[in-house]
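J.: Below is the file model_28.cif, which contains mmCIF, C-alpha atoms.
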data_upload
#
loop_
_atom_site.group_PDB
_atom_site.id
_atom_site.type_symbol
_atom_site.label_atom_id
_atom_site.label_comp_id
_atom_site.auth_asym_id
_atom_site.auth_seq_id
_atom_site.Cartn_x
_atom_site.Cartn_y
_atom_site.Cartn_z
ATOM 1 C CA MET A 8 -3.040 12.644 -14.075
ATOM 2 C CA ALA A 9 -3.226 9.223 -15.698
ATOM 3 C CA LEU A 10 -6.403 7.515 -14.555
ATOM 4 C CA LEU A 11 -5.818 4.170 -12.886
ATOM 5 C CA THR A 12 -8.271 1.288 -13.072
ATOM 6 C CA PRO A 13 -9.286 -1.165 -10.339
ATOM 7 C CA GLU A 14 -7.293 -3.798 -12.258
ATOM 8 C CA ASP A 15 -4.116 -1.708 -11.948
ATOM 9 C CA LEU A 16 -4.525 -1.664 -8.171
ATOM 10 C CA LYS A 17 -5.099 -5.376 -7.580
ATOM 11 C CA ASN A 18 -2.901 -6.963 -4.901
ATOM 12 C CA ILE A 19 -1.313 -3.637 -4.013
ATOM 13 C CA ASN A 20 0.653 -5.068 -1.095
ATOM 14 C CA ARG A 21 2.218 -7.696 -3.329
ATOM 15 C CA GLN A 22 3.042 -5.017 -5.896
ATOM 16 C CA LEU A 23 4.697 -2.915 -3.188
ATOM 17 C CA GLN A 24 6.769 -5.845 -1.966
ATOM 18 C CA GLU A 25 7.923 -6.600 -5.514
ATOM 19 C CA ALA A 26 8.742 -2.926 -6.079
ATOM 20 C CA ASP A 27 10.691 -2.807 -2.814
ATOM 21 C CA SER A 28 12.728 -5.811 -3.957
ATOM 22 C CA ALA A 29 13.403 -4.221 -7.354
ATOM 23 C CA VAL A 30 14.472 -0.895 -5.815
ATOM 24 C CA LEU A 31 16.719 -2.743 -3.342
ATOM 25 C CA ARG A 32 18.429 -4.640 -6.179
ATOM 26 C CA VAL A 33 19.057 -1.426 -8.101
ATOM 27 C CA THR A 34 20.033 0.962 -5.286
ATOM 28 C CA GLY A 35 20.877 -1.083 -2.190
ATOM 29 C CA LEU A 36 18.024 0.713 -0.385
ATOM 30 C CA ASP A 37 14.322 -0.051 -0.106
ATOM 31 C CA ILE A 38 11.709 2.552 -1.102
ATOM 32 C CA LYS A 39 11.630 4.018 2.411
ATOM 33 C CA GLY A 40 15.394 4.327 2.356
ATOM 34 C CA VAL A 41 15.406 6.156 -0.978
ATOM 35 C CA CYS A 42 12.660 8.538 0.222
ATOM 36 C CA LYS A 43 14.503 9.221 3.468
ATOM 37 C CA ALA A 44 17.744 9.906 1.604
ATOM 38 C CA LEU A 45 16.001 12.154 -0.919
ATOM 39 C CA TYR A 46 13.909 14.264 1.470
ATOM 40 C CA GLY A 47 15.744 13.862 4.776
ATOM 41 C CA THR A 48 12.509 12.918 6.563
ATOM 42 C CA SER A 49 11.006 9.903 8.339
ATOM 43 C CA PRO A 50 7.407 9.164 9.331
ATOM 44 C CA CYS A 51 6.447 9.224 12.998
ATOM 45 C CA SER A 52 3.024 7.549 12.715
ATOM 46 C CA GLU A 53 1.435 10.699 11.284
ATOM 47 C CA LYS A 54 -2.321 10.328 10.879
ATOM 48 C CA VAL A 55 -3.407 10.427 7.233
ATOM 49 C CA GLY A 56 -6.981 11.113 6.173
ATOM 50 C CA ILE A 57 -7.851 9.726 2.733
ATOM 51 C CA VAL A 58 -10.770 11.578 1.147
ATOM 52 C CA PRO A 59 -12.626 10.023 -1.824
ATOM 53 C CA VAL A 60 -13.520 12.549 -4.534
ATOM 54 C CA THR A 61 -16.505 12.141 -6.871
ATOM 55 C CA SER A 62 -15.833 14.909 -9.424
ATOM 56 C CA GLY A 63 -14.965 14.208 -13.061
ATOM 57 C CA ASN A 64 -14.919 10.498 -13.795
ATOM 58 C CA GLY A 65 -15.744 9.705 -10.190
ATOM 59 C CA ILE A 66 -14.195 7.447 -7.587
ATOM 60 C CA ILE A 67 -11.824 4.787 -8.937
ATOM 61 C CA GLY A 68 -12.568 1.374 -7.491
ATOM 62 C CA ASN A 69 -9.875 0.242 -5.010
ATOM 63 C CA PHE A 70 -8.181 3.675 -5.059
ATOM 64 C CA SER A 71 -8.935 4.768 -1.501
ATOM 65 C CA ALA A 72 -8.426 1.232 -0.171
ATOM 66 C CA SER A 73 -5.097 1.070 -2.016
ATOM 67 C CA LEU A 74 -3.982 4.387 -0.509
ATOM 68 C CA HIS A 75 -4.956 3.048 2.900
ATOM 69 C CA ALA A 76 -2.775 -0.030 2.318
ATOM 70 C CA ILE A 77 0.096 2.046 0.910
ATOM 71 C CA THR A 78 0.164 4.545 3.782
ATOM 72 C CA GLN A 79 0.171 1.769 6.343
ATOM 73 C CA TYR A 80 2.904 -0.095 4.426
ATOM 74 C CA PHE A 81 5.108 2.985 4.754
ATOM 75 C CA GLY A 82 4.442 3.460 8.458
ATOM 76 C CA PHE A 83 1.603 5.967 8.555
ATOM 77 C CA ASP A 84 -1.625 5.721 10.587
ATOM 78 C CA SER A 85 -4.395 6.207 8.025
ATOM 79 C CA PHE A 86 -8.148 6.061 7.560
ATOM 80 C CA VAL A 87 -10.601 6.535 4.692
ATOM 81 C CA THR A 88 -13.419 8.975 5.342
ATOM 82 C CA ASP A 89 -17.008 7.722 5.122
ATOM 83 C CA MET A 90 -18.080 10.821 3.188
ATOM 84 C CA PRO A 91 -16.498 12.076 -0.060
ATOM 85 C CA ASP A 92 -15.530 15.552 -1.269
ATOM 86 C CA VAL A 93 -15.884 18.572 1.056
ATOM 87 C CA SER A 94 -17.833 16.545 3.600
ATOM 88 C CA GLY A 95 -15.025 14.010 3.627
ATOM 89 C CA TYR A 96 -12.413 16.733 4.083
ATOM 90 C CA TYR A 97 -14.384 18.081 7.042
ATOM 91 C CA GLU A 98 -14.638 14.559 8.459
ATOM 92 C CA ALA A 99 -10.884 13.996 8.070
ATOM 93 C CA VAL A 100 -10.031 17.220 9.886
ATOM 94 C CA ARG A 101 -12.567 16.500 12.649
ATOM 95 C CA ASN A 102 -10.921 13.090 13.091
ATOM 96 C CA GLU A 103 -7.546 14.776 13.639
ATOM 97 C CA ALA A 104 -5.898 13.891 10.352
ATOM 98 C CA GLU A 105 -2.479 15.532 10.099
ATOM 99 C CA ILE A 106 -2.067 14.835 6.390
ATOM 100 C CA ILE A 107 -4.836 14.841 3.778
ATOM 101 C CA LEU A 108 -4.650 12.664 0.647
ATOM 102 C CA MET A 109 -7.193 13.320 -2.102
ATOM 103 C CA ALA A 110 -7.365 13.171 -5.903
ATOM 104 C CA ASP A 111 -9.575 14.214 -8.806
ATOM 105 C CA ASP A 112 -8.977 13.578 -12.516
ATOM 106 C CA HIS A 113 -6.232 16.206 -12.672
ATOM 107 C CA THR A 114 -4.491 16.439 -9.306
ATOM 108 C CA PHE A 115 -3.524 13.972 -6.599
ATOM 109 C CA LEU A 116 -2.242 15.864 -3.578
ATOM 110 C CA ALA A 117 -0.886 15.436 -0.085
ATOM 111 C CA HIS A 118 -1.357 18.342 2.326
ATOM 112 C CA ASN A 119 0.264 18.419 5.740
ATOM 113 C CA LEU A 120 -2.048 20.454 7.957
ATOM 114 C CA ASN A 121 0.593 20.884 10.666
ATOM 115 C CA ASN A 122 3.352 22.523 8.629
ATOM 116 C CA GLY A 123 1.415 23.664 5.546
ATOM 117 C CA LYS A 124 3.511 21.661 3.079
ATOM 118 C CA ILE A 125 1.650 20.453 -0.007
ATOM 119 C CA ALA A 126 2.729 18.001 -2.718
ATOM 120 C CA ASN A 127 1.462 17.081 -6.172
ATOM 121 C CA ASN A 128 1.780 13.457 -7.259
ATOM 122 C CA GLN A 129 3.110 14.144 -10.755
ATOM 123 C CA PRO A 130 6.375 15.943 -9.915
ATOM 124 C CA CYS A 131 6.869 13.817 -6.799
ATOM 125 C CA THR A 132 6.544 10.665 -8.902
ATOM 126 C CA GLY A 133 8.960 11.962 -11.529
ATOM 127 C CA ILE A 134 11.516 12.924 -8.911
ATOM 128 C CA ILE A 135 11.433 9.645 -6.952
ATOM 129 C CA TYR A 136 11.645 7.440 -10.050
ATOM 130 C CA ALA A 137 14.558 9.559 -11.262
ATOM 131 C CA GLU A 138 16.214 9.346 -7.844
ATOM 132 C CA ILE A 139 15.928 5.547 -7.889
ATOM 133 C CA ILE A 140 17.653 5.196 -11.234
ATOM 134 C CA SER A 141 20.283 7.800 -10.330
ATOM 135 C CA ARG A 142 21.324 5.500 -7.481
ATOM 136 C CA ASN A 143 21.910 2.548 -9.826
ATOM 137 C CA LEU A 144 24.733 0.443 -8.373
ATOM 138 C CA LYS A 145 25.345 -1.490 -11.597
ATOM 139 C CA THR A 146 26.925 1.258 -13.691
ATOM 140 C CA GLU A 147 29.108 4.337 -13.318
ATOM 141 C CA SER A 148 27.652 5.880 -16.487
ATOM 142 C CA LYS A 149 26.223 9.384 -16.169
ATOM 143 C CA ASP A 150 24.168 9.049 -19.371
ATOM 144 C CA VAL A 151 20.405 8.615 -18.983
ATOM 145 C CA LEU A 152 17.566 8.648 -21.498
ATOM 146 C CA VAL A 153 14.244 10.216 -20.501
ATOM 147 C CA VAL A 154 11.293 9.173 -22.678
ATOM 148 C CA GLY A 155 8.216 11.333 -22.104
ATOM 149 C CA LEU A 156 8.741 14.934 -20.985
ATOM 150 C CA GLY A 157 5.327 15.864 -19.604
ATOM 151 C CA LYS A 158 4.181 16.501 -16.049
ATOM 152 C CA VAL A 159 6.058 13.466 -14.688
ATOM 153 C CA GLY A 160 8.963 13.219 -17.122
ATOM 154 C CA PHE A 161 9.998 16.883 -17.019
ATOM 155 C CA PRO A 162 10.494 16.961 -13.208
ATOM 156 C CA GLY A 163 12.371 13.661 -13.515
ATOM 157 C CA ALA A 164 14.642 15.096 -16.223
ATOM 158 C CA ALA A 165 15.212 18.204 -14.107
ATOM 159 C CA HIS A 166 16.227 16.001 -11.162
ATOM 160 C CA PHE A 167 18.787 14.177 -13.302
ATOM 161 C CA VAL A 168 20.211 17.490 -14.528
ATOM 162 C CA HIS A 169 20.433 18.751 -10.942
ATOM 163 C CA LYS A 170 22.378 15.609 -9.990
ATOM 164 C CA GLY A 171 24.889 16.098 -12.792
ATOM 165 C CA PHE A 172 23.738 13.486 -15.291
ATOM 166 C CA ARG A 173 24.079 13.853 -19.041
ATOM 167 C CA VAL A 174 20.397 13.724 -19.949
ATOM 168 C CA TYR A 175 19.054 12.714 -23.334
ATOM 169 C CA GLY A 176 15.378 13.444 -23.910
ATOM 170 C CA TYR A 177 12.649 12.366 -26.281
ATOM 171 C CA ASP A 178 8.959 13.174 -26.593
ATOM 172 C CA ALA A 179 6.661 12.740 -29.575
ATOM 173 C CA ASP A 180 5.275 16.181 -28.706
ATOM 174 C CA LYS A 181 7.862 18.514 -30.244
ATOM 175 C CA ALA A 182 6.728 21.442 -28.085
ATOM 176 C CA LEU A 183 7.470 19.490 -24.886
ATOM 177 C CA LEU A 184 10.839 18.408 -26.263
ATOM 178 C CA GLU A 185 11.796 21.957 -27.229
ATOM 179 C CA LYS A 186 10.684 23.279 -23.825
ATOM 180 C CA THR A 187 12.862 20.703 -22.074
ATOM 181 C CA ILE A 188 15.867 21.441 -24.271
ATOM 182 C CA SER A 189 15.460 25.174 -23.681
ATOM 183 C CA ASN A 190 14.823 25.036 -19.940
ATOM 184 C CA LEU A 191 17.059 22.157 -18.877
ATOM 185 C CA GLY A 192 19.669 21.853 -21.617
ATOM 186 C CA VAL A 193 18.933 18.183 -22.272
ATOM 187 C CA ILE A 194 20.327 16.553 -25.408
ATOM 188 C CA PRO A 195 17.606 15.711 -27.967
ATOM 189 C CA PHE A 196 17.477 11.991 -28.721
ATOM 190 C CA ASP A 197 16.826 10.939 -32.308
ATOM 191 C CA PRO A 198 15.083 7.521 -32.496
ATOM 192 C CA SER A 199 16.200 7.173 -36.132
ATOM 193 C CA ASN A 200 19.825 7.229 -34.961
ATOM 194 C CA PRO A 201 19.641 5.132 -31.783
ATOM 195 C CA ARG A 202 22.313 4.286 -29.233
ATOM 196 C CA LYS A 203 22.203 1.996 -26.218
ATOM 197 C CA PHE A 204 21.644 3.172 -22.655
ATOM 198 C CA SER A 205 22.194 1.442 -19.334
ATOM 199 C CA MET A 206 19.618 3.728 -17.655
ATOM 200 C CA ILE A 207 16.232 4.721 -19.064
ATOM 201 C CA PHE A 208 13.474 6.702 -17.352
ATOM 202 C CA GLU A 209 10.148 6.314 -19.157
ATOM 203 C CA ALA A 210 7.132 8.468 -18.280
ATOM 204 C CA THR A 211 4.454 7.984 -20.917
ATOM 205 C CA PRO A 212 0.969 6.388 -20.864
ATOM 206 C CA CYS A 213 1.883 4.153 -23.823
ATOM 207 C CA ALA A 214 2.943 0.506 -24.034
ATOM 208 C CA ASN A 215 6.209 -0.788 -25.527
ATOM 209 C CA THR A 216 7.793 2.640 -26.058
ATOM 210 C CA ILE A 217 11.324 1.303 -25.521
ATOM 211 C CA PRO A 218 12.741 -0.416 -28.625
ATOM 212 C CA GLU A 219 15.474 -3.035 -28.602
ATOM 213 C CA ALA A 220 17.974 -0.701 -30.290
ATOM 214 C CA ILE A 221 18.394 1.439 -27.144
ATOM 215 C CA ILE A 222 18.599 -1.291 -24.471
ATOM 216 C CA SER A 223 21.957 -2.426 -23.121
ATOM 217 C CA GLU A 224 22.552 -5.621 -21.182
ATOM 218 C CA ASP A 225 21.463 -5.264 -17.516
ATOM 219 C CA CYS A 226 19.743 -1.972 -18.357
ATOM 220 C CA VAL A 227 17.773 -0.373 -15.515
ATOM 221 C CA ILE A 228 14.394 1.005 -16.576
ATOM 222 C CA SER A 229 12.461 3.162 -14.124
ATOM 223 C CA THR A 230 8.901 3.748 -15.271
ATOM 224 C CA PRO A 231 5.835 4.980 -13.400
ATOM 225 C CA GLY A 232 3.869 4.774 -16.641
ATOM 226 C CA ILE A 233 1.032 2.326 -17.223
ATOM 227 C CA PRO A 234 0.989 0.156 -19.321
ATOM 228 C CA CYS A 235 4.525 -1.209 -19.300
ATOM 229 C CA ALA A 236 7.090 0.520 -21.495
ATOM 230 C CA ILE A 237 8.968 -2.651 -22.447
ATOM 231 C CA SER A 238 7.881 -6.075 -23.648
ATOM 232 C CA GLU A 239 8.445 -9.138 -21.497
ATOM 233 C CA GLU A 240 10.515 -10.644 -24.324
ATOM 234 C CA LEU A 241 13.000 -7.750 -24.276
ATOM 235 C CA ARG A 242 13.107 -7.712 -20.498
ATOM 236 C CA LYS A 243 14.267 -11.317 -20.435
ATOM 237 C CA LYS A 244 16.608 -11.024 -23.414
ATOM 238 C CA TYR A 245 18.599 -8.156 -21.893
ATOM 239 C CA ASN A 246 18.134 -9.003 -18.214
ATOM 240 C CA VAL A 247 16.465 -5.638 -17.682
ATOM 241 C CA GLN A 248 16.007 -4.441 -14.095
ATOM 242 C CA LEU A 249 12.527 -2.911 -14.139
ATOM 243 C CA VAL A 250 11.225 -0.556 -11.442
ATOM 244 C CA MET A 251 7.500 -0.159 -12.054
ATOM 245 C CA GLU A 252 4.527 0.126 -9.705
ATOM 246 C CA PRO A 253 1.214 1.938 -10.254
ATOM 247 C CA LEU A 254 0.718 4.089 -7.153
ATOM 248 C CA GLY A 255 2.769 3.350 -4.048
ATOM 249 C CA ILE A 256 6.217 4.727 -4.923
ATOM 250 C CA GLY A 257 4.811 8.073 -6.023
ATOM 251 C CA THR A 258 2.560 8.250 -2.955
ATOM 252 C CA ALA A 259 5.507 7.537 -0.667
ATOM 253 C CA SER A 260 7.427 10.358 -2.358
ATOM 254 C CA MET A 261 4.516 12.739 -1.729
ATOM 255 C CA LEU A 262 4.206 11.786 1.916
ATOM 256 C CA TYR A 263 7.905 12.011 2.711
ATOM 257 C CA SER A 264 8.105 15.360 0.905
ATOM 258 C CA VAL A 265 5.507 16.967 3.198
ATOM 259 C CA LEU A 266 6.845 15.708 6.532
#
Once more with this new file: its structure as structure tokens, please.
T.:
Amino acid sequence: MALLTPEDLKNINRQLQEADSAVLRVTGLDIKGVCKALYGTSPCSEKVGIVPVTSGNGIIGNFSASLHAITQYFGFDSFVTDMPDVSGYYEAVRNEAEIILMADDHTFLAHNLNNGKIANNQPCTGIIYAEIISRNLKTESKDVLVVGLGKVGFPGAAHFVHKGFRVYGYDADKALLEKTISNLGVIPFDPSNPRKFSMIFEATPCANTIPEAIISEDCVISTPGIPCAISEELRKKYNVQLVMEPLGIGTASMLYSVL
């Protein structure tokens, strides 16, 4: 899991509002609407216990507070435990949490204690960002480029394939690219022979991975990656619709998936 910083999580409510506006422009639905359509679920004020975890690199500043803000934004009743780790888990259960949210350096999970459903942030993030771009109202094209085919990008590519898109894929790691071609039948994209796309899903931890040669006018770029995959100059030049937010969209996907 990509490690966020306190800086990434500043003004999380403002970031969520901006993301909601971007998703609405692209799909005609807000984030809740996309999640409901994708999973067929709706929150009913489920109580969410957020457990800080100290293992690995330790607790990220603002992370638990940001999850608290995100869960409430999406209609859940949430609290952050006073204790971390196993003690925090025990505290959450004792305080009648129905869903547990907790993360270490490798896994960020949601676990619904009532129905046993469990969700991992990485595939849930890939799927929801893919779902958003698949609902793009601005084009009837079924061609989409997926840049980054790891733990977020691969589930996103699989979601596009499942929905009948013609998926082009690229990853600097040739093993990941070959795995995706073999398992999903995606079309390998050659950066040395570029073409323009109206829809791009980017899932890498690198900045400015999207060159001008592949961007069409009014292109929609859906990217959970941090830092941003496209420069501000190119965004303005091509009137790019950018869906990007560090934590909330993926968390909403996790929560709706376990209801």
J.: Excluding same-chain residues fewer than 6 positions from Val154 (chain A), what lies within 7 Å of it counting only C-alpha atoms, as a list in words?
T.: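 Skipping anything fewer than 6 positions along the chain leaves Gly176, Tyr177, Asp178, Phe208, Glu209 and Ala210 of chain A.
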J.: With a cut-off of 9 Å, could you pull out the residues of region 47-115 of chain A touching region 121-142 of chain A and give me the nearest pair of atoms for each, distance in Å to one decimal, using all atoms listed in the file, ordered by chain and ascending number, as JSON lines?
T.:
{"residue": "A:Glu105", "atom": "CA", "partner": "A:Asn121", "partner_atom": "CA", "distance": 6.2}
{"residue": "A:Ile106", "atom": "CA", "partner": "A:Asn121", "partner_atom": "CA", "distance": 7.9}
{"residue": "A:Thr114", "atom": "CA", "partner": "A:Asn127", "partner_atom": "CA", "distance": 6.8}
{"residue": "A:Phe115", "atom": "CA", "partner": "A:Asn128", "partner_atom": "CA", "distance": 5.4}
J.: Just so the selection is clear, what residues does the PyMOL selection byres ((chain A and resi 45-49) around 7) cover here, as a list in words?
T.: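 On this input, the PyMOL selection byres ((chain A and resi 45-49) around 7) captures Val41, Cys42, Lys43, Ala44, Pro50, Cys51, Tyr263, Ser264 and Leu266 of chain A.
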J.: Assuming the chain letters and numbering stay as they are in my file, what does the PyMOL selection byres ((chain A and resi 28) around 12) actually select? List them as number ranges by chain.
T.: A: 21-27, 29-39, 248-252
J.: Name the residues captured by the PyMOL selection byres ((chain A and resi 74) around 9) when it is applied to the shown file; answer as a ChimeraX atom specification.
T.: /A:57,69-73,75-79,85,87,108,254-255,258
J.: Could you state the separation of CA of Ala164 (chain A) and CA of Ser238 (chain A) in Å, given to one decimal place?
T.: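 Pair CA of Ala164 (chain A) / CA of Ser238 (chain A) returns 23.4 Å.
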J.: Would you kindly return, as a PyMOL selection string, each protein, DNA or RNA residue with an atom no farther than 10 Å from any atom of Gly95 (chain A), considering all atoms listed in the file and excluding same-chain residues fewer than 2 positions away?
T.: chain A and resi 56-60+87-93+97-101+109
J.: I'd like to know which of A:Val193, A:Leu152, A:Val55, A:Leu116 is closest to Thr230 (chain A), using only C-alpha atoms.
T.: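 When distances to Thr230 (chain A) are compared using only C-alpha atoms, the smallest one comes from A:Leu152.
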J.: Taking all atoms listed in the file into account, name the residue in A:Lys149, A:Ser260, A:Ala179, A:Pro231 that is nearest to Met206 (chain A).
T.: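 So, comparing all the options, the nearest one is A:Lys149.
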J.: Under the rule that all atoms listed in the file are counted, which of A:Met261, A:Pro201, A:Gly171, A:Val159 is the nearest residue to His118 (chain A)?
T.: A:Met261
J.: In Å to one decimal, how far is CA of Asn190 (chain A) from CA of Gly232 (chain A)?
T.: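 So the answer is 23.3 Å.
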J.: How many Å lie between CA of Asp84 (chain A) and CA of Asn18 (chain A), rounded to one decimal?
T.: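 Spanning CA of Asp84 (chain A) to CA of Asn18 (chain A) is a straight-line distance of 20.1 Å.
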J.: Which residues, written as a list in words, have at least one atom at most 8 Å from Ser205 (chain A), with all atoms listed in the file counted and residues fewer than 2 positions away on the same chain left out?
T.: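 Non-adjacent residues within range: Thr146, Ser148, Asp150, Val151, Lys203, Ile207, Ile222, Ser223, Glu224, Asp225, Cys226 and Val227 of chain A.
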J.: I'd like the contact shell of Ala165 (chain A) - 7 Å cut-off, only C-alpha atoms, skipping same-chain residues fewer than 4 positions apart - returned as a list in words.
T.: Phe161, His169 and Leu191 of chain A
J.: Calculated over all atoms listed in the file, which of the candidates A:Leu262, A:Ile194, A:Ile233, A:Leu144 has the smallest distance to Lys54 (chain A)?
T.: A:Leu262
J.: Report the centre and edge lengths, in Å to one decimal, of an axis-aligned box enclosing every atom of region 243-253 of chain A listed in the file, padded by 6 Å on each side, as JSON.
T.:
{"center_x": 9.9, "center_y": -4.7, "center_z": -16.6, "size_x": 29.4, "size_y": 25.3, "size_z": 25.7}
J.: I'd like to know which of A:Ala220, A:Pro234, A:Pro212, A:Ile228 is closest to Val247 (chain A), using only C-alpha atoms.
T.: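 Among the listed residues, A:Ile228 lies closest to Val247 (chain A).
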J.: I need the residue nearest Leu156 (chain A) from this list: A:Thr211, A:Ser62, A:Asn143, A:Ser189. Use all atoms listed in the file for the distance.
T.: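 Once distances to Leu156 (chain A) are computed over all atoms listed in the file, the minimum belongs to A:Thr211.
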J.: Might you pull out every residue within 9 Å of Asp180 (chain A), with all atoms listed in the file counted and same-chain residues fewer than 4 positions away left off, and present them as an NGL selection string?
T.: :A and (155-156 or 184-185)
J.: Could region 168-179 of chain A be completed with N, CA, C and O atoms and returned as a PDB file, keeping the file's coordinate frame?
T.:
ATOM      1  N   VAL A 168      19.329  16.365 -14.215  1.00  0.00           N
ATOM      2  CA  VAL A 168      20.211  17.490 -14.528  1.00  0.00           C
ATOM      3  C   VAL A 168      20.819  18.061 -13.245  1.00  0.00           C
ATOM      4  O   VAL A 168      22.026  18.324 -13.159  1.00  0.00           O
ATOM      5  N   HIS A 169      19.977  18.222 -12.228  1.00  0.00           N
ATOM      6  CA  HIS A 169      20.433  18.751 -10.942  1.00  0.00           C
ATOM      7  C   HIS A 169      21.508  17.855 -10.328  1.00  0.00           C
ATOM      8  O   HIS A 169      22.433  18.354  -9.652  1.00  0.00           O
ATOM      9  N   LYS A 170      21.418  16.543 -10.566  1.00  0.00           N
ATOM     10  CA  LYS A 170      22.378  15.609  -9.990  1.00  0.00           C
ATOM     11  C   LYS A 170      23.607  15.398 -10.877  1.00  0.00           C
ATOM     12  O   LYS A 170      24.464  14.574 -10.565  1.00  0.00           O
ATOM     13  N   GLY A 171      23.685  16.137 -11.981  1.00  0.00           N
ATOM     14  CA  GLY A 171      24.889  16.098 -12.792  1.00  0.00           C
ATOM     15  C   GLY A 171      24.925  15.036 -13.866  1.00  0.00           C
ATOM     16  O   GLY A 171      26.001  14.733 -14.410  1.00  0.00           O
ATOM     17  N   PHE A 172      23.782  14.480 -14.227  1.00  0.00           N
ATOM     18  CA  PHE A 172      23.738  13.486 -15.291  1.00  0.00           C
ATOM     19  C   PHE A 172      23.720  14.161 -16.659  1.00  0.00           C
ATOM     20  O   PHE A 172      23.302  15.314 -16.805  1.00  0.00           O
ATOM     21  N   ARG A 173      24.209  13.414 -17.657  1.00  0.00           N
ATOM     22  CA  ARG A 173      24.079  13.853 -19.041  1.00  0.00           C
ATOM     23  C   ARG A 173      22.755  13.284 -19.546  1.00  0.00           C
ATOM     24  O   ARG A 173      22.621  12.089 -19.763  1.00  0.00           O
ATOM     25  N   VAL A 174      21.773  14.155 -19.717  1.00  0.00           N
ATOM     26  CA  VAL A 174      20.397  13.724 -19.949  1.00  0.00           C
ATOM     27  C   VAL A 174      20.036  13.855 -21.426  1.00  0.00           C
ATOM     28  O   VAL A 174      20.150  14.932 -22.015  1.00  0.00           O
ATOM     29  N   TYR A 175      19.611  12.741 -21.984  1.00  0.00           N
ATOM     30  CA  TYR A 175      19.054  12.714 -23.334  1.00  0.00           C
ATOM     31  C   TYR A 175      17.539  12.652 -23.200  1.00  0.00           C
ATOM     32  O   TYR A 175      17.015  11.935 -22.328  1.00  0.00           O
ATOM     33  N   GLY A 176      16.830  13.393 -24.037  1.00  0.00           N
ATOM     34  CA  GLY A 176      15.378  13.444 -23.910  1.00  0.00           C
ATOM     35  C   GLY A 176      14.657  13.206 -25.219  1.00  0.00           C
ATOM     36  O   GLY A 176      15.144  13.593 -26.288  1.00  0.00           O
ATOM     37  N   TYR A 177      13.499  12.567 -25.097  1.00  0.00           N
ATOM     38  CA  TYR A 177      12.649  12.366 -26.281  1.00  0.00           C
ATOM     39  C   TYR A 177      11.186  12.473 -25.879  1.00  0.00           C
ATOM     40  O   TYR A 177      10.772  11.959 -24.831  1.00  0.00           O
ATOM     41  N   ASP A 178      10.412  13.155 -26.718  1.00  0.00           N
ATOM     42  CA  ASP A 178       8.959  13.174 -26.593  1.00  0.00           C
ATOM     43  C   ASP A 178       8.371  13.348 -27.982  1.00  0.00           C
ATOM     44  O   ASP A 178       8.900  14.128 -28.789  1.00  0.00           O
ATOM     45  N   ALA A 179       7.313  12.610 -28.275  1.00  0.00           N
ATOM     46  CA  ALA A 179       6.661  12.740 -29.575  1.00  0.00           C
ATOM     47  C   ALA A 179       6.067  14.126 -29.766  1.00  0.00           C
ATOM     48  O   ALA A 179       5.885  14.579 -30.903  1.00  0.00           O
TER      49      ALA A 179
END
